[in-house]
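Below is one structure, written out as structure tokens, with a few remarks after it.
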Amino acid sequence: MNEKVMRNQRKWQTIIFATIIIVLTYLSSDITNFNIIHGIATLPNAFTWIVSNLFITQETLERLPKILEKLAETILMSIAATTTATVFSLFLGLMGSKTTGTSNLLGAFARFIASVARNIPVVAWALILLLSFGQNSVTGYLALFVGSLGFLTRAFIESIDEASQSAVEALRATGATYFQIVYKAVIPQCLPQMISWILFMIETNIRSATLVGILTGTGIGYSFDLYYKTLNYHAVALVTLSIVISVIMLELISNHIRKVIL
Amino acid sequence: MSLLKVEKLGKSYNADAKVLNDVSFEVEAGEFVSIIGPSGAGKSTLLRCINRMVEIDEGKVIFDGNDVGSLNKKELRKMRTNIGMIFQHYNLVPRLSVIENVLHGRFGYKTTVQGILGKFTEDEKEQAFYLLKKLGIEEHAYKRCDQLSGGQQQRVGIARSLIQEPKIVLCDEPIASLDPNASKVIMDYLKSITMELNITCIVNLHQVEIARSYSDRIIGLSKGGIVFDGPSYRLSTDSTDLIYGTKTVEKRQLVTV
């Protein structure tokens with residue numbers, strides 16, 4: 001009896017849930033005048049366009065050194081933004097964590113900075129910073145820096161809270177000072193996780209750097225934008241391919257590092 | 001004068017429930033005291049009030065002539081070097097080696113910079129190895145702590161507390177996550193070493209039998225208050241009923257039938 005009632009309930013829940021999704025989908029496509037079937041129907045056409053335009057020719061390969069130079073600039077900028085953000089995030093993370101935080105006020109401050117930096121997308125940061133710093137690499141760097149700062153602070157707070165609570169308690173009981181505890185218990189314990197987050201951040205930043213570059217006119221994003229607007233689709237294909245390859249390579253490297261340190 | 005004096009200690013984490021209420025007792029130097037009681041009786045809180053890992057709300061804790069509740073940060077740190085602590089979950093830094101974890105016990109005697117740079121004297125290192133040898137885990141000194149079994153990790157915890165050269169060791173359920181065999185090893189080491197070095201020892205325990213066989217004195221805690229305090233041999237079935245709020249009468253009837 002009970003089982004039957006429960007099964008019935010489950011069935012009704014599923015039906016109601018499915019109906020809600022269908023209605024929502026229909027309503028939103030109706031409001032925005034977007035025809036799903038039409039969208040799907042154009043997929044083959046779009047695909048044919050990609051294949052017939054986005055391929056690399058002999059001629060575009062001549063541009064490769066220039067593209068690689070821009071790519072290196074982007075990668076280095078992403079790494080610089082990540083490493084500098086790491087330093088600041090470490091302090092904010094220690095301040096914001098419940099186990100290592102010294103005062104509620106500083107903790108709230110750290111979490112506030114983290115959430116402001118994180119909840120505004122990197123692209124929005126780039127646009128905001130464009131107004132004051134103009135179209136140059138400093139703007140791109142700062143946009144990535146702010147985004148990384150927010151994300152890494154958040155990640156560090158979680159890592160510290162999760163990994164080191166018990167050891168912190170033990171060292172506090174021996175009469176150790178705050179910085180002794182941080183250097184000898186918290187950091188050794190959280191280091192693998194922190195490095196893992198930093199590597200993840202570098203990968204993410206290279207992807208965002210492309211987008212930010214389009215806005216700020218720097219790095220590989222600028223090349224992409226330039227070739228795209230001059231209708232040089234073969235060069236666009238080469239740029240895209242080089243980004244994809246470098247991101248994949250970085251992912252492989254960081255996966256390997258993760259495996260070694262964990 | 002006694003080493004530790006707890007006077008009318010009271011503690012509450014929130015307004016409506018008191019964890020400890022009017023707890024008073026004295027511990028002499030060299031005593032081995034067990035605190036028993038059901039979960040939630042306030043055993044851990046009581047222990048943590050002694051070295052002020054939790055703040056004291058009411059009453060006083062006098063350790064070695066100091067009023068623990070009124071110490072400033074620096075004085076508190078200095079006092080904590082005289083109090084070793086052993087935890088249920090060992091509370092080591094798992095990714096560091098055994099010897100590093102043992103030497104962590106010396107931080108209280110060092111300046112911040114010395115501690116961060118890991119500057120330990122030869123004497124301290126020798127003492128660390130001496131303790132590891134005494135506890136039978138010398139061969140694991142350079143292994144990472146997470147490669148050790150629970151019993152071995154707890155012995156590292158004991159070594160870390162002993163290298164502080166403490167006057168008292170507080171043990172918060174040291175054997176609660178160990179199997180009976182390892183539990184016996186740990187309790188034997190605790191008993192023999194604290195006796196040999198004349199260190200006072202206060203142990204929170206779940207197991208009445210172990211408390212009875214190892215300690216000189218038992219304090220029974222129930223709902224935040226002391227319901228039994230006396231030599232171990234005086235702990236009768238009636239007092240354990242009082243501590244744990246159980247009735248063994250029904251059991252007896254079953255046996256007689």
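Order determines the names: the first chain of the structure tokens is A, the second B, and so forth; residues in each chain are numbered 1 upward, and ligands are numbered 1 upward as they are shown.
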*Kindly determine which residues of chain B lie within 9 Å of chain A, considering only C-alpha atoms, and give the answer as a VMD selection string.*
chain B and resid 51 to 53 76 to 87 89 to 96 104 to 116 118 160 to 161 164
*Residues at most 10 Å from Ala124 (chain A), counting only C-alpha atoms, excluding those fewer than 4 positions away in the same chain, as a list in words?*
Ile120, Ile128, Leu129, Leu130, Ala143 and Val212 of chain A
*Using DSSP on the backbone coordinates, identify the residues of region 35-254 of chain B assigned to strand (DSSP E or B); present them as number ranges by chain.*
B: 35-36, 58-63, 66-67, 83-86, 97, 144, 168-172, 200-205, 217-222, 225-231
Within 10 Å of Asp229 (chain B), counting only C-alpha atoms, which residues qualify if same-chain residues fewer than 4 places away don't, as a PDB file with C-alpha atoms, in the first residue's frame?
```pdb
ATOM      1  CA  PHE B  25      37.780  19.304  41.226  1.00  0.00           C
ATOM      2  CA  VAL B  33      42.671  10.663  36.142  1.00  0.00           C
ATOM      3  CA  SER B  34      40.004   9.348  33.800  1.00  0.00           C
ATOM      4  CA  ILE B  35      36.917  11.321  32.942  1.00  0.00           C
ATOM      5  CA  ARG B 217      41.004   8.165  40.042  1.00  0.00           C
ATOM      6  CA  ILE B 218      37.801   8.481  38.009  1.00  0.00           C
ATOM      7  CA  ILE B 219      35.585  11.490  37.490  1.00  0.00           C
ATOM      8  CA  GLY B 220      32.113  10.686  36.201  1.00  0.00           C
ATOM      9  CA  LEU B 221      30.465  13.411  34.152  1.00  0.00           C
ATOM     10  CA  ARG B 234      35.209   2.818  44.487  1.00  0.00           C
ATOM     11  CA  LEU B 235      33.395   3.065  41.157  1.00  0.00           C
ATOM     12  CA  SER B 239      27.710   4.921  40.055  1.00  0.00           C
TER      13      SER B 239
END
```
*Contacts of Ser115 (chain A) at 9 Å or less, counting only C-alpha atoms, minus same-chain residues fewer than 3 places along, as a ChimeraX atom specification?*
/A:110-112,118-120,150-151,154
I need the residues from that last selection saved to file as a compact mmCIF listing (two decimals), in the first residue's frame (with C-alpha atoms), if you can.
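What follows is the written file again27.txt:
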```
# COMPACT_ATOMS: atom_id res chain seq x y z
CA ALA A 110 38.22 38.85 2.47
CA ARG A 111 35.01 37.10 1.51
CA PHE A 112 33.50 40.37 0.28
CA ARG A 118 34.27 36.59 -8.75
CA ASN A 119 30.66 37.52 -9.42
CA ILE A 120 31.51 40.11 -12.06
CA GLY A 150 38.18 36.20 -6.64
CA PHE A 151 38.24 32.60 -7.72
CA ARG A 154 37.33 31.32 -2.68
```
_Close residues, Ile210 (chain B) itself excluded, 10 Å, only C-alpha atoms, min 2 positions apart in chain, as a list in words_ =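 What passes the distance filter is Ser34, Ser183, Lys184, Met187, Leu205, His206, Gln207, Val208, Arg212, Ser213, Tyr214 and Ser215 of chain B.
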Would you export the selected residues with C-alpha atoms as a compact mmCIF listing (two decimals), in the first residue's frame, please?
```
# COMPACT_ATOMS: atom_id res chain seq x y z
CA SER B 34 40.00 9.35 33.80
CA SER B 183 44.00 0.70 22.33
CA LYS B 184 45.79 -1.44 24.86
CA MET B 187 46.99 3.05 27.13
CA LEU B 205 37.30 7.78 27.97
CA HIS B 206 34.22 5.96 26.79
CA GLN B 207 35.16 2.56 28.16
CA VAL B 208 34.49 2.20 31.90
CA ARG B 212 38.96 1.38 35.99
CA SER B 213 42.06 -0.65 35.18
CA TYR B 214 44.42 2.20 34.23
CA SER B 215 43.56 5.20 36.34
```
*asked:* Need to verify the contact set: Thr218 (chain A), 6 Å, only C-alpha atoms, exclusion of same-chain residues closer than 4 positions in sequence. Can you return it as JSON, numbers by chain?
replied: {"A": [137, 213, 222]}
*asked:* Counting only C-alpha atoms, which residue out of A:Ser208, A:Thr60, A:Ser89, A:Thr42 sits closest to Pro121 (chain A)?
replied: A:Ser208
*Which residue, A:Ala41, A:Ala18, A:Ile67, A:Leu215, has the smallest gap to Leu127 (chain A) when you use only C-alpha atoms?*
A:Leu215
_I'd like the neighbourhood of Leu238 (chain A) as a VMD selection string, where a residue qualifies if any of its atoms comes within 10 Å (using only C-alpha atoms), though same-chain residues fewer than 4 positions away should be ignored._
chain A and resid 54 to 57 60 to 61 63 to 64 67 224 233 to 234 242 to 244
*Can you work out which one of A:Gln193, A:Ser254, A:Thr153, A:Thr14 has the shortest atom-to-atom distance to Thr86 (chain A), counting only C-alpha atoms?*
A:Thr153
_Filtered DSSP result for region 16-182 of chain B, state helix (DSSP H, G or I), as an MDAnalysis selection string_ = chainID B and resid 43:50 68:70 73:80 98:109 112:117 122:134 138:140 145:147 150:162 180:182
